[in-house]
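Working notes, beginning with the structure itself.
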Amino acid sequence: MTALDFGDFATGMVDAGSTRIFTRRGGAGRPLLLLHGFPETHLMWRSVAPILARDHLVVCADLRGYGASECPPSDPDHEAYSKRAMAQDMVEVMASLGHERFAVVGHDRGGRVAYRLALDHPERCAFLAALDVVPIGEAWDRADARLALGYWPWSLLALEHPLPELVLRRLASAVVDAAFDGWGSAPEAFSNEVRKAYAQALEDPAHARAICEEYRAAATVDRQHDELDRQADRRITCPVTALWSSRGPLAEWYADAGGPLGIWSRWATQVTGQGVDAGHFFPEELPRQTAQMLTRSLAAANW
């Protein structure tokens, strides 16, 4: 086995209607969808998924434009890479695999796809875990120099084509190292093999363009979707668990709003959560602890 193995998980492309999504699947029980962040792919779950698969049928997916998933063409308003479109992909994927109702866990970018899925498809989402994120609209409304400098992909990758794409393609390894060696993380948790796999996914021109389009969507159309939900007082109705790095910005920046739990309580009717003593990438730094926390939350949700 290598650092990238999931054990006996099966792999395959799944038709999601407007694109095809790469998945890795294993285990048995109630269906559980795991969604990754940036600059990662589904490989971030390599040590978490096998533990969760003891009690669940686990599906790890690459978001559209990431990893081995396809990169559908974009449009001037970036709607093709909105979290709404990406959430629809996952609904289609899970339905194709025979799962009409399922739990979803998302980290970073995947966390934002996950909460959009819960808002747009409440009949499909039985449980939501959002890992080290707050909703996009909340983050942008509170954005200042700390966000621009600390979480530079938000501003850098949302710039107009082609500069951000060139940065990803030509400096992929540097981008990966900057993320994993910063953001409160433990650099030793990310082997050279893992870093290389993530960098290779960024170097492909189509994927670099798609990832930047996803960040452009987050700066524009995703914010609009969030604002419309707030105006309509739409809230997530399934149980929500928020986990965040106790060393990172979420533990400090949003204290005036009651921290991450305070913010998520504005968006959901049932919210629990806690900080994790690790960096932003705590599912990769502390996979066993992360899996244990998720297992407890899933059991408590009783879905």
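Order determines the names: the first chain of the structure tokens is A, the second B, and so forth; residues in each chain are numbered 1 upward, and ligands are numbered 1 upward as they are shown.
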Which residues, written as a compact mmCIF listing (two decimals) with N, CA and C atoms, in the first residue's frame, have at least one atom at most 6 Å from segment 175-183 of chain A, with only C-alpha atoms counted and residues fewer than 3 positions away on the same chain left out?
```txt
# COMPACT_ATOMS: atom_id res chain seq x y z
N ALA A 172 2.46 25.10 -9.36
CA ALA A 172 1.57 24.19 -8.64
C ALA A 172 2.20 23.66 -7.36
N PRO A 187 3.25 20.44 8.67
CA PRO A 187 3.78 20.07 7.35
C PRO A 187 4.14 18.59 7.23
N HIS A 280 -5.79 24.01 9.49
CA HIS A 280 -6.93 24.02 8.57
C HIS A 280 -7.20 22.65 7.97
```
message = If we count only C-alpha atoms and set the cut-off at 6 Å, which residues sit around segment 202-218 of chain A, ignoring sequence neighbours fewer than 5 positions away in its own chain? Please answer as number ranges by chain.
response = A: 65, 78, 81-82, 157-158, 165, 168-169, 172
Please, could you write that set of residues out with C-alpha atoms as a PDB file, in the first residue's frame?
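Contents of selection_12.pdb, as written:
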```pdb
ATOM      1  CA  GLY A  65     -13.035  20.806 -12.270  1.00  0.00           C
ATOM      2  CA  HIS A  78     -19.339  31.717 -13.700  1.00  0.00           C
ATOM      3  CA  TYR A  81     -18.849  26.625 -11.327  1.00  0.00           C
ATOM      4  CA  SER A  82     -21.260  27.963  -8.736  1.00  0.00           C
ATOM      5  CA  LEU A 157      -7.738  32.916  -7.823  1.00  0.00           C
ATOM      6  CA  ALA A 158     -10.810  35.118  -8.322  1.00  0.00           C
ATOM      7  CA  GLU A 165      -4.465  30.031 -14.129  1.00  0.00           C
ATOM      8  CA  LEU A 168      -1.609  27.336 -10.671  1.00  0.00           C
ATOM      9  CA  ARG A 169      -0.108  25.717 -13.749  1.00  0.00           C
ATOM     10  CA  ALA A 172       1.575  24.185  -8.645  1.00  0.00           C
TER      11      ALA A 172
END
```
Run DSSP on the backbone and tell me which residues of segment 82-246 of chain A come out as strand (DSSP E); list them as a compact mmCIF listing (two decimals) with N, CA and C atoms, in the first residue's frame.
```txt
# COMPACT_ATOMS: atom_id res chain seq x y z
N PHE A 102 -29.01 11.16 1.83
CA PHE A 102 -27.68 10.81 2.30
C PHE A 102 -27.15 11.91 3.21
N ALA A 103 -26.08 11.59 3.93
CA ALA A 103 -25.35 12.57 4.73
C ALA A 103 -24.20 13.11 3.90
N VAL A 104 -23.79 14.35 4.18
CA VAL A 104 -22.68 14.94 3.43
C VAL A 104 -21.73 15.65 4.39
N VAL A 105 -20.44 15.43 4.17
CA VAL A 105 -19.37 16.09 4.92
C VAL A 105 -18.50 16.83 3.93
N GLY A 106 -18.26 18.11 4.17
CA GLY A 106 -17.42 18.87 3.26
C GLY A 106 -16.39 19.70 3.99
N HIS A 107 -15.18 19.70 3.47
CA HIS A 107 -14.09 20.49 4.04
C HIS A 107 -13.75 21.61 3.06
N CYS A 125 -30.66 15.84 1.73
CA CYS A 125 -29.58 15.95 2.71
C CYS A 125 -30.10 15.63 4.11
N ALA A 126 -29.62 14.51 4.67
CA ALA A 126 -30.06 14.07 5.98
C ALA A 126 -29.20 14.60 7.12
N PHE A 127 -27.98 15.01 6.80
CA PHE A 127 -27.02 15.48 7.80
C PHE A 127 -25.93 16.23 7.07
N LEU A 128 -25.45 17.31 7.69
CA LEU A 128 -24.38 18.12 7.10
C LEU A 128 -23.29 18.35 8.13
N ALA A 129 -22.05 18.10 7.74
CA ALA A 129 -20.89 18.50 8.53
C ALA A 129 -20.05 19.45 7.70
N ALA A 130 -19.83 20.65 8.21
CA ALA A 130 -19.05 21.68 7.53
C ALA A 130 -17.73 21.85 8.28
N LEU A 131 -16.62 21.56 7.61
CA LEU A 131 -15.32 21.52 8.25
C LEU A 131 -14.48 22.74 7.90
N VAL A 240 -26.80 19.87 11.69
CA VAL A 240 -25.54 20.40 11.18
C VAL A 240 -24.47 20.30 12.26
N THR A 241 -23.31 19.79 11.89
CA THR A 241 -22.14 19.80 12.76
C THR A 241 -21.07 20.67 12.12
N ALA A 242 -20.57 21.63 12.89
CA ALA A 242 -19.47 22.48 12.42
C ALA A 242 -18.21 22.13 13.22
N LEU A 243 -17.15 21.81 12.52
CA LEU A 243 -15.85 21.56 13.12
C LEU A 243 -14.87 22.56 12.52
N TRP A 244 -13.99 23.11 13.35
CA TRP A 244 -13.06 24.10 12.83
C TRP A 244 -11.72 24.01 13.56
N SER A 245 -10.69 24.52 12.91
CA SER A 245 -9.36 24.56 13.50
C SER A 245 -9.34 25.57 14.65
```
key: Which residue of A:Ala68, A:Met90, A:Val221, A:Ala186 approaches Gly17 of chain A most closely, using only C-alpha atoms   = A:Met90
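For segment 67-127 of chain A, a DSSP pass over the backbone yields alpha helix (DSSP H) at Lys83, Arg84, Ala85, Met86, Ala87, Gln88, Asp89, Met90, Val91, Glu92, Val93, Met94, Ala95, Ser96, Arg109, Gly110, Gly111, Arg112, Val113, Ala114, Tyr115, Arg116, Leu117, Ala118, Leu119 and Asp120 of chain A.
If you measure from each of A:Ala139, A:Leu4, A:Leu63, A:Ala219 to Glu79 of chain A using only C-alpha atoms, the closest one turns out to be A:Ala219.
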